[in-house]
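Engineer: Next up, work.txt (compact mmCIF, C-alpha atoms and all ligand atoms).
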# COMPACT_ATOMS: atom_id res chain seq x y z
CA MET A 1 92.09 19.93 123.51
CA ILE A 2 94.54 20.75 126.31
CA ARG A 3 93.73 23.85 128.36
CA LEU A 4 96.65 25.50 130.09
CA GLY A 5 97.26 28.98 131.43
CA LEU A 6 99.08 31.43 133.66
CA VAL A 7 97.56 33.21 136.64
CA GLY A 8 99.19 36.35 138.03
CA TYR A 9 98.95 40.13 138.01
CA PRO A 10 99.92 41.98 135.89
CA LEU A 11 100.75 39.64 133.00
CA GLU A 12 101.25 41.78 129.89
CA HIS A 13 104.95 41.00 129.36
CA SER A 14 104.90 37.26 130.04
CA LEU A 15 106.91 35.01 127.72
CA SER A 16 105.00 31.92 128.92
CA PRO A 17 102.32 31.85 126.16
CA ALA A 18 105.01 31.84 123.45
CA LEU A 19 106.90 29.06 125.27
CA HIS A 20 103.89 26.84 125.83
CA HIS A 21 102.39 27.35 122.39
CA ALA A 22 105.75 26.29 120.94
CA ALA A 23 105.72 23.26 123.26
CA LEU A 24 102.18 22.28 122.18
CA GLN A 25 103.17 22.58 118.54
CA GLN A 26 106.40 20.59 118.94
CA CYS A 27 104.60 17.79 120.77
CA GLY A 28 101.83 17.69 118.15
CA LEU A 29 99.14 18.54 120.71
CA GLN A 30 96.03 20.64 120.21
CA GLY A 31 95.57 23.17 122.94
CA GLU A 32 95.70 26.68 124.32
CA TYR A 33 97.68 28.58 126.96
CA LEU A 34 95.68 31.54 128.22
CA LEU A 35 96.58 34.46 130.46
CA TYR A 36 94.44 34.87 133.58
CA PRO A 37 95.21 38.28 135.07
CA VAL A 38 93.72 38.00 138.55
CA HIS A 39 93.92 41.02 140.86
CA PRO A 40 95.51 40.27 144.27
CA ALA A 41 92.20 41.11 146.01
CA ASP A 42 90.16 38.72 143.81
CA SER A 43 90.48 35.46 145.73
CA ALA A 44 87.14 34.16 144.31
CA THR A 45 88.56 34.01 140.76
CA LEU A 46 91.74 32.35 142.00
CA TYR A 47 89.63 29.77 143.83
CA SER A 48 87.47 29.09 140.76
CA LEU A 49 90.58 28.55 138.58
CA VAL A 50 91.85 25.96 141.09
CA ASP A 51 88.42 24.32 140.98
CA ARG A 52 88.63 24.08 137.20
CA VAL A 53 91.94 22.20 137.53
CA ARG A 54 90.32 19.91 140.13
CA ASP A 55 87.50 19.22 137.63
CA ARG A 56 90.05 18.68 134.83
CA GLU A 57 88.45 21.42 132.79
CA ILE A 58 91.89 23.10 132.86
CA GLN A 59 94.79 20.61 132.70
CA GLY A 60 97.44 22.89 134.13
CA LEU A 61 98.20 26.34 135.48
CA ASN A 62 101.36 28.28 136.01
CA VAL A 63 101.30 30.72 138.90
CA THR A 64 103.27 33.92 139.22
CA ILE A 65 103.47 37.06 141.36
CA PRO A 66 101.42 37.88 143.49
CA HIS A 67 99.74 34.45 143.90
CA LYS A 68 102.68 32.05 144.34
CA ARG A 69 102.26 31.82 148.12
CA VAL A 70 98.55 32.61 148.50
CA ILE A 71 97.48 29.79 146.18
CA MET A 72 99.09 27.21 148.48
CA GLY A 73 96.16 27.52 150.89
CA LEU A 74 93.62 26.74 148.14
CA LEU A 75 95.20 23.50 146.89
CA ASP A 76 94.48 19.91 147.99
CA GLU A 77 98.10 18.77 148.02
CA LEU A 78 101.60 20.23 147.81
CA THR A 79 104.74 18.46 146.61
CA THR A 80 107.79 18.28 148.88
CA ALA A 81 109.53 20.93 146.76
CA ALA A 82 106.59 23.35 146.92
CA LYS A 83 106.45 22.97 150.71
CA ALA A 84 110.20 23.45 151.17
CA ILE A 85 110.39 26.46 148.85
CA GLY A 86 107.15 27.93 150.21
CA ALA A 87 105.81 28.81 146.75
CA VAL A 88 103.87 27.18 143.92
CA ASN A 89 104.49 27.98 140.26
CA THR A 90 102.67 24.96 138.76
CA VAL A 91 99.26 23.43 139.49
CA TYR A 92 98.25 20.06 138.05
CA HIS A 93 95.44 17.55 138.36
CA LYS A 94 95.90 14.20 140.16
CA ASP A 95 93.07 11.83 141.14
CA GLY A 96 90.44 14.57 141.48
CA LYS A 97 92.83 16.85 143.37
CA ALA A 98 94.56 20.11 142.50
CA VAL A 99 98.25 19.68 143.35
CA GLY A 100 100.81 22.48 143.75
CA HIS A 101 104.42 22.05 142.69
CA ASN A 102 107.44 24.26 142.07
CA THR A 103 109.52 23.73 138.90
CA ASP A 104 111.78 26.77 139.48
CA PHE A 105 114.28 24.76 141.54
CA ALA A 106 114.71 21.98 138.96
CA GLY A 107 114.64 24.58 136.19
CA PHE A 108 117.61 26.30 137.81
CA ARG A 109 119.43 23.05 138.72
CA ASN A 110 119.11 21.46 135.26
CA ASP A 111 120.18 24.61 133.45
CA LEU A 112 123.05 25.26 135.89
CA LEU A 113 124.47 21.74 135.66
CA ARG A 114 124.46 21.81 131.87
CA TRP A 115 126.55 24.97 132.06
CA LEU A 116 128.63 24.26 135.18
CA PRO A 117 128.66 20.52 135.94
CA ILE A 118 130.52 20.77 139.27
CA VAL A 119 129.67 23.34 141.96
CA ARG A 120 131.37 23.13 145.34
CA SER A 121 130.35 26.43 146.96
CA ALA A 122 128.06 29.31 146.10
CA ILE A 123 127.04 32.82 147.07
CA VAL A 124 123.38 33.71 146.43
CA LEU A 125 122.35 37.38 146.37
CA GLY A 126 118.78 37.93 147.62
CA ALA A 127 116.53 35.97 149.96
CA GLY A 128 113.11 36.05 148.25
CA GLY A 129 111.13 33.33 146.46
CA ALA A 130 113.66 32.73 143.67
CA ALA A 131 116.55 32.55 146.17
CA ARG A 132 114.63 29.88 148.10
CA ALA A 133 114.27 27.76 144.94
CA VAL A 134 117.99 28.24 144.17
CA VAL A 135 119.25 27.26 147.63
CA TYR A 136 116.91 24.25 147.65
CA ALA A 137 118.36 23.16 144.28
CA LEU A 138 121.94 23.72 145.48
CA GLY A 139 121.17 21.73 148.63
CA MET A 140 120.09 18.80 146.45
CA ILE A 141 123.52 18.71 144.83
CA GLY A 142 125.29 19.03 148.19
CA CYS A 143 126.49 22.59 147.69
CA PRO A 144 126.97 24.91 150.69
CA VAL A 145 125.58 28.43 150.12
CA ARG A 146 126.21 31.86 151.60
CA VAL A 147 123.00 33.86 151.22
CA ALA A 148 123.70 37.60 151.14
CA SER A 149 120.67 39.79 151.63
CA ARG A 150 120.24 43.48 152.29
CA ARG A 151 117.75 42.58 155.04
CA MET A 152 119.65 40.22 157.32
CA ALA A 153 116.38 38.89 158.80
CA SER A 154 115.34 37.28 155.50
CA ALA A 155 118.77 35.65 155.02
CA LEU A 156 118.56 34.31 158.57
CA GLU A 157 115.16 32.79 157.77
CA LEU A 158 116.78 30.80 154.96
CA GLU A 159 119.65 29.80 157.26
CA ALA A 160 117.13 28.47 159.80
CA GLN A 161 115.28 26.42 157.19
CA PHE A 162 117.94 25.09 154.82
CA PRO A 163 120.85 23.11 156.32
CA ASN A 164 123.23 24.13 153.46
CA VAL A 165 122.75 27.89 154.04
CA ARG A 166 124.72 30.45 156.06
CA ALA A 167 123.42 34.01 156.18
CA THR A 168 125.68 36.95 155.32
CA ALA A 169 125.07 40.67 155.15
CA LEU A 170 125.09 42.14 151.64
CA ASP A 171 128.07 44.21 152.62
CA PRO A 172 131.48 44.64 150.92
CA GLN A 173 133.47 43.80 154.04
CA GLU A 174 131.57 40.58 154.69
CA LEU A 175 131.60 39.50 151.05
CA SER A 176 135.24 40.29 150.29
CA GLY A 177 136.47 37.35 152.36
CA ILE A 178 134.19 34.69 150.88
CA ALA A 179 135.47 32.36 148.16
CA ALA A 180 132.96 30.61 145.92
CA ASP A 181 132.94 28.97 142.53
CA LEU A 182 129.40 30.17 141.76
CA LEU A 183 127.73 33.55 142.31
CA VAL A 184 123.95 33.69 141.72
CA ASN A 185 121.92 36.88 141.46
CA ALA A 186 118.43 36.07 142.75
CA THR A 187 117.33 39.72 143.06
CA PRO A 188 115.57 41.86 140.42
CA ALA A 189 118.55 44.27 140.34
CA GLY A 190 119.63 44.91 136.74
CA MET A 191 116.25 44.01 135.25
CA LEU A 192 114.54 46.39 132.83
CA PRO A 193 113.90 49.26 133.36
CA ASN A 194 116.48 49.40 136.21
CA VAL A 195 119.38 48.28 134.05
CA ASP A 196 121.94 50.39 135.93
CA THR A 197 121.39 48.60 139.22
CA CYS A 198 123.42 45.64 140.47
CA ALA A 199 123.06 43.70 143.73
CA TRP A 200 126.83 43.04 144.03
CA PRO A 201 128.46 45.94 145.94
CA THR A 202 129.99 48.61 143.68
CA LYS A 203 133.80 48.69 143.76
CA LEU A 204 134.07 45.17 145.25
CA SER A 205 135.76 42.67 142.91
CA LEU A 206 133.77 39.58 142.08
CA PRO A 207 135.00 36.36 143.77
CA ALA A 208 138.09 35.10 141.92
CA GLY A 209 137.33 32.30 139.49
CA ALA A 210 133.57 32.30 140.19
CA ALA A 211 131.04 31.61 137.45
CA VAL A 212 128.18 34.13 137.55
CA TYR A 213 124.55 33.05 137.02
CA ASP A 214 122.08 35.95 136.87
CA LEU A 215 118.42 34.90 137.16
CA VAL A 216 117.49 38.11 135.35
CA TYR A 217 117.20 37.62 131.56
CA ASN A 218 115.79 40.94 130.49
CA PRO A 219 118.15 42.48 129.32
CA ALA A 220 120.19 39.49 128.18
CA GLU A 221 123.40 41.11 129.45
CA THR A 222 122.85 42.70 132.85
CA ARG A 223 125.30 45.03 134.55
CA LEU A 224 126.46 42.09 136.71
CA ILE A 225 127.04 39.90 133.65
CA LYS A 226 128.99 42.69 131.95
CA GLN A 227 131.14 43.16 135.07
CA ALA A 228 131.81 39.42 135.26
CA ARG A 229 132.80 39.14 131.58
CA ALA A 230 135.02 42.21 131.87
CA ALA A 231 136.80 40.45 134.75
CA GLY A 232 137.31 37.33 132.59
CA LEU A 233 134.65 35.27 134.41
CA ARG A 234 132.04 33.01 132.82
CA ALA A 235 128.55 34.45 133.08
CA THR A 236 125.05 33.52 131.98
CA ASN A 237 121.52 34.87 132.35
CA GLY A 238 118.24 33.27 133.51
CA LEU A 239 116.77 32.49 130.11
CA GLY A 240 117.81 28.84 130.30
CA MET A 241 116.11 28.52 133.71
CA LEU A 242 112.94 30.17 132.38
CA ILE A 243 112.78 27.67 129.52
CA GLU A 244 113.61 24.69 131.69
CA GLN A 245 110.99 25.48 134.37
CA ALA A 246 108.37 25.94 131.63
CA ALA A 247 109.33 22.64 129.96
CA LEU A 248 109.13 20.81 133.31
CA SER A 249 105.63 22.20 133.97
CA PHE A 250 104.59 21.18 130.45
CA GLU A 251 105.92 17.64 131.02
CA LEU A 252 103.92 17.36 134.22
CA TRP A 253 100.69 18.38 132.47
CA THR A 254 101.05 16.45 129.22
CA GLY A 255 103.73 13.76 129.66
CA CYS A 256 105.56 15.22 126.62
CA GLN A 257 109.09 16.59 126.67
CA PRO A 258 109.36 19.66 124.42
CA PRO A 259 112.80 20.20 122.80
CA ARG A 260 114.47 23.03 124.74
CA GLN A 261 116.14 24.55 121.69
CA HIS A 262 112.78 24.98 119.99
CA LEU A 263 111.44 26.83 123.05
CA MET A 264 114.55 29.03 123.05
CA ASP A 265 113.98 29.86 119.37
CA ALA A 266 110.32 30.73 120.09
CA ILE A 267 111.26 33.49 122.53
CA ALA A 268 114.65 34.59 121.20
CA GLN A 269 113.04 37.52 119.39
CA LYS A 270 110.86 38.52 122.35
CA ALA A 271 113.51 38.48 125.13
CA VAL A 272 115.48 41.73 124.74
P1 LIG B 1 111.26 38.58 145.58
O1 LIG B 1 110.60 37.44 146.26
O2 LIG B 1 110.60 39.92 145.57
O3 LIG B 1 112.73 38.73 146.26
C1 LIG B 1 113.65 39.68 145.82
C2 LIG B 1 114.89 39.66 146.70
O4 LIG B 1 115.84 40.56 146.12
C3 LIG B 1 114.66 40.16 148.13
O5 LIG B 1 115.55 39.49 148.99
C4 LIG B 1 115.02 41.65 148.01
O6 LIG B 1 115.45 42.22 149.20
C5 LIG B 1 116.20 41.58 147.07
N1 LIG B 1 116.44 42.82 146.32
C6 LIG B 1 115.56 43.50 145.55
N2 LIG B 1 116.17 44.55 144.94
C7 LIG B 1 117.47 44.52 145.36
C8 LIG B 1 118.59 45.35 145.12
N3 LIG B 1 118.52 46.41 144.29
N4 LIG B 1 119.76 45.04 145.72
C9 LIG B 1 119.83 43.98 146.56
N5 LIG B 1 118.80 43.16 146.86
C10 LIG B 1 117.63 43.42 146.26
O7 LIG B 1 111.57 38.26 144.06
P2 LIG B 1 111.85 36.81 143.43
O8 LIG B 1 110.56 36.17 143.05
O9 LIG B 1 112.77 36.10 144.37
O10 LIG B 1 112.59 37.18 142.05
C11 LIG B 1 113.90 37.72 142.02
C12 LIG B 1 114.35 37.84 140.57
O11 LIG B 1 114.51 36.57 139.99
C13 LIG B 1 113.35 38.60 139.67
O12 LIG B 1 114.07 39.45 138.81
C14 LIG B 1 112.70 37.51 138.86
O13 LIG B 1 112.28 37.96 137.58
C15 LIG B 1 113.86 36.53 138.72
N6 LIG B 1 113.41 35.15 138.48
C16 LIG B 1 113.82 34.56 137.32
C17 LIG B 1 113.43 33.26 137.06
C18 LIG B 1 113.89 32.59 135.80
O14 LIG B 1 113.28 31.60 135.38
N7 LIG B 1 114.96 33.06 135.19
C19 LIG B 1 112.58 32.57 137.95
C20 LIG B 1 112.19 33.21 139.13
C21 LIG B 1 112.60 34.53 139.37
P3 LIG B 1 114.43 43.06 150.16
O15 LIG B 1 113.65 42.02 150.87
O16 LIG B 1 115.34 43.85 151.00
O17 LIG B 1 113.58 43.89 149.23
Turn the structure described in the file into structure tokens.

Structural biologist:
Amino acid sequence: MIRLGLVGYPLEHSLSPALHHAALQQCGLQGEYLLYPVHPADSATLYSLVDRVRDREIQGLNVTIPHKRVIMGLLDELTTAAKAIGAVNTVYHKDGKAVGHNTDFAGFRNDLLRWLPIVRSAIVLGAGGAARAVVYALGMIGCPVRVASRRMASALELEAQFPNVRATALDPQELSGIAADLLVNATPAGMLPNVDTCAWPTKLSLPAGAAVYDLVYNPAETRLIKQARAAGLRATNGLGMLIEQAALSFELWTGCQPPRQHLMDAIAQKAV
């Protein structure tokens, strides 16, 4: 019996149980994937969940907002990726220790490269946790990135940490002169219920020839994706990344590789 789960707050709309139950079924494994809604002030429960991974009572945990950074201080070991990104989305057991990892970067990279095998330059909108995973992934494939953030200080933090990053203001004048073959939205703009918002400046044309990857997947076609398609550009949402990061966590916990298409089918009805 494999015990898995997700810790975060709130958790009502998570697609993770559907993904991981499909993965368990496809791999022929008996198990459960439970939701652990833990209030941000309840560090004792967070600690006890980590302890249960250490004791192998729980084989694996996913971690989401607001615990992705806080949990780092409770773990025995962090992988290189978790340290570089500064966030943990996966906890697993190794030799009596609870280890923190981040599968968001490889989830993004694997899904991106299936869709766009060669990327020479990118613009990333946003400078939060997801943007950090994205620039780390792009750094691994040797891609220079302009990070455009509405708060310049957070873009400059990424510039100071990641050698492939240059900070840029999220400003039409700054952005109009930048060429890129990939534009990534790593902000929540466009996500339900704020479907009319878009991080790319209104009235500014999208970079010529760029492929647009929106990390938001709810709705499936965001305002940015619509704008890109209307301009004749290729565009995709973050569903593939969501599935890939889940599959990579599952592989770490169980050693089994769930078929991605089956995971996609399991949530196709649930993702709007
Ligand atoms: P986060 O840490 O809160 O960072 C959000 C970033 O977006 C910040 O830089 C923020 O700027 C900026 N931002 C917020 N609203 C904006 C707006 N209207 N216009 C311009 N910039 C805006 O969030 P996160 O964890 O990085 O997540 C970002 C998005 O990625 C979320 O929608 C999340 O669901 C999605 N995501 C998807 C996947 C996937 O698997 N597909 C994985 C991870 C995350 P300020 O600092 O100025 O507020």

Engineer: So, with all atoms listed in the file as the atoms that count, which of A:Gly139, A:Gly100, A:Pro259, A:Pro219 lies closest to Thr236 of chain A?

Structural biologist: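 Ranking A:Gly139, A:Gly100, A:Pro259, A:Pro219 by distance to Thr236 of chain A, first place goes to A:Pro219.
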
Engineer: Within 6 Å of ligand LIG 1 (chain B) (counting all atoms listed in the file), which residues show up? I'd like them as a ChimeraX atom specification.

Structural biologist: /A:126-131,149-151,186-189,199,215-216,238-239,241-242

Engineer: Atom CA of Gln227 of chain A to atom CA of Leu125 of chain A: how many Å, to one decimal?

Structural biologist: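 About the pair atom CA of Gln227 of chain A and atom CA of Leu125 of chain A: they are 15.4 Å apart.
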
Engineer: List as an NGL selection string the protein and nucleic acid residues near Ala81 of chain A, meaning an atom at most 10 Å away when all atoms listed in the file are counted, but skip any in the same chain fewer than 3 places from it.

Structural biologist: :A and (78 or 84-88 or 100-106 or 133 or 136-137)

Engineer: Compile the contact shell of segment 265-269 of chain A as a list of chain:residue names: residues with an atom at most 12 Å away, counting all atoms listed in the file, same-chain residues fewer than 5 positions apart removed.

Structural biologist: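 Residues meeting the cut-off are A:His13, A:Ser14, A:Leu15, A:Ser16, A:Pro17, A:Ala18, A:Leu19, A:His20, A:His21, A:Ala22, A:Ala23, A:Leu24, A:Gln25, A:Gln26, A:Tyr217, A:Asn218, A:Pro219, A:Ala220, A:Leu239, A:Gly240, A:Leu242, A:Ile243, A:Pro258, A:Pro259, A:Arg260.
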
Engineer: Rounded to one decimal, what separation in Å do you get between atom CA of Met191 of chain A and atom CA of Ile141 of chain A?

Structural biologist: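 Those two atoms sit 28.0 Å apart.
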
Engineer: I need the residue nearest Val91 of chain A from this list: A:Gly232, A:Gly60, A:Gly5, A:Gly28. Use only C-alpha atoms for the distance.

Structural biologist: A:Gly60

Engineer: One decimal, in Å: what's the spacing between atom CA of Ser121 of chain A and atom CA of Cys143 of chain A?

Structural biologist: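 Going from atom CA of Ser121 of chain A over to atom CA of Cys143 of chain A, I get 5.5 Å.
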
Engineer: Have a look at A:Leu49, A:Val124, A:Leu252, A:Ala179 and name the one nearest to Lys94 of chain A; count all atoms listed in the file.

Structural biologist: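 Once distances to Lys94 of chain A are computed over all atoms listed in the file, the minimum belongs to A:Leu252.
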
Engineer: For the point (96.9, 21.1, 146.1) in the file's frame, write as an MDAnalysis selection string all residues with an atom no more than 12 Å away, counting only C-alpha atoms.

Structural biologist: chainID A and resid 47 50:51 53:54 61 70:80 82:83 87:102

Engineer: Find the residue from A:Thr168, A:Gln59, A:Asn110, A:Gln257 that sits nearest to Leu34 of chain A; use only C-alpha atoms when measuring.

Structural biologist: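 Under the stated criterion, the closest residue is A:Gln59.
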
Engineer: Choose the residue, out of A:Ala155, A:Val195, A:Leu206, A:Val134, that has the smallest atom-to-atom separation from Ser176 of chain A; count all atoms listed in the file.

Structural biologist: A:Leu206

Engineer: Can you pull out the residues contacting Tyr213 of chain A? Cut-off 7 Å, using all atoms listed in the file, and skip same-chain residues under 6 positions away; I want them as an MDAnalysis selection string.

Structural biologist: chainID A and resid 183:185 235:237

Engineer: List as a VMD selection string the protein and nucleic acid residues near segment 39-45 of chain A, meaning an atom at most 8 Å away when all atoms listed in the file are counted, but skip any in the same chain fewer than 5 places from it.

Structural biologist: chain A and resid 8 to 10 66 to 67
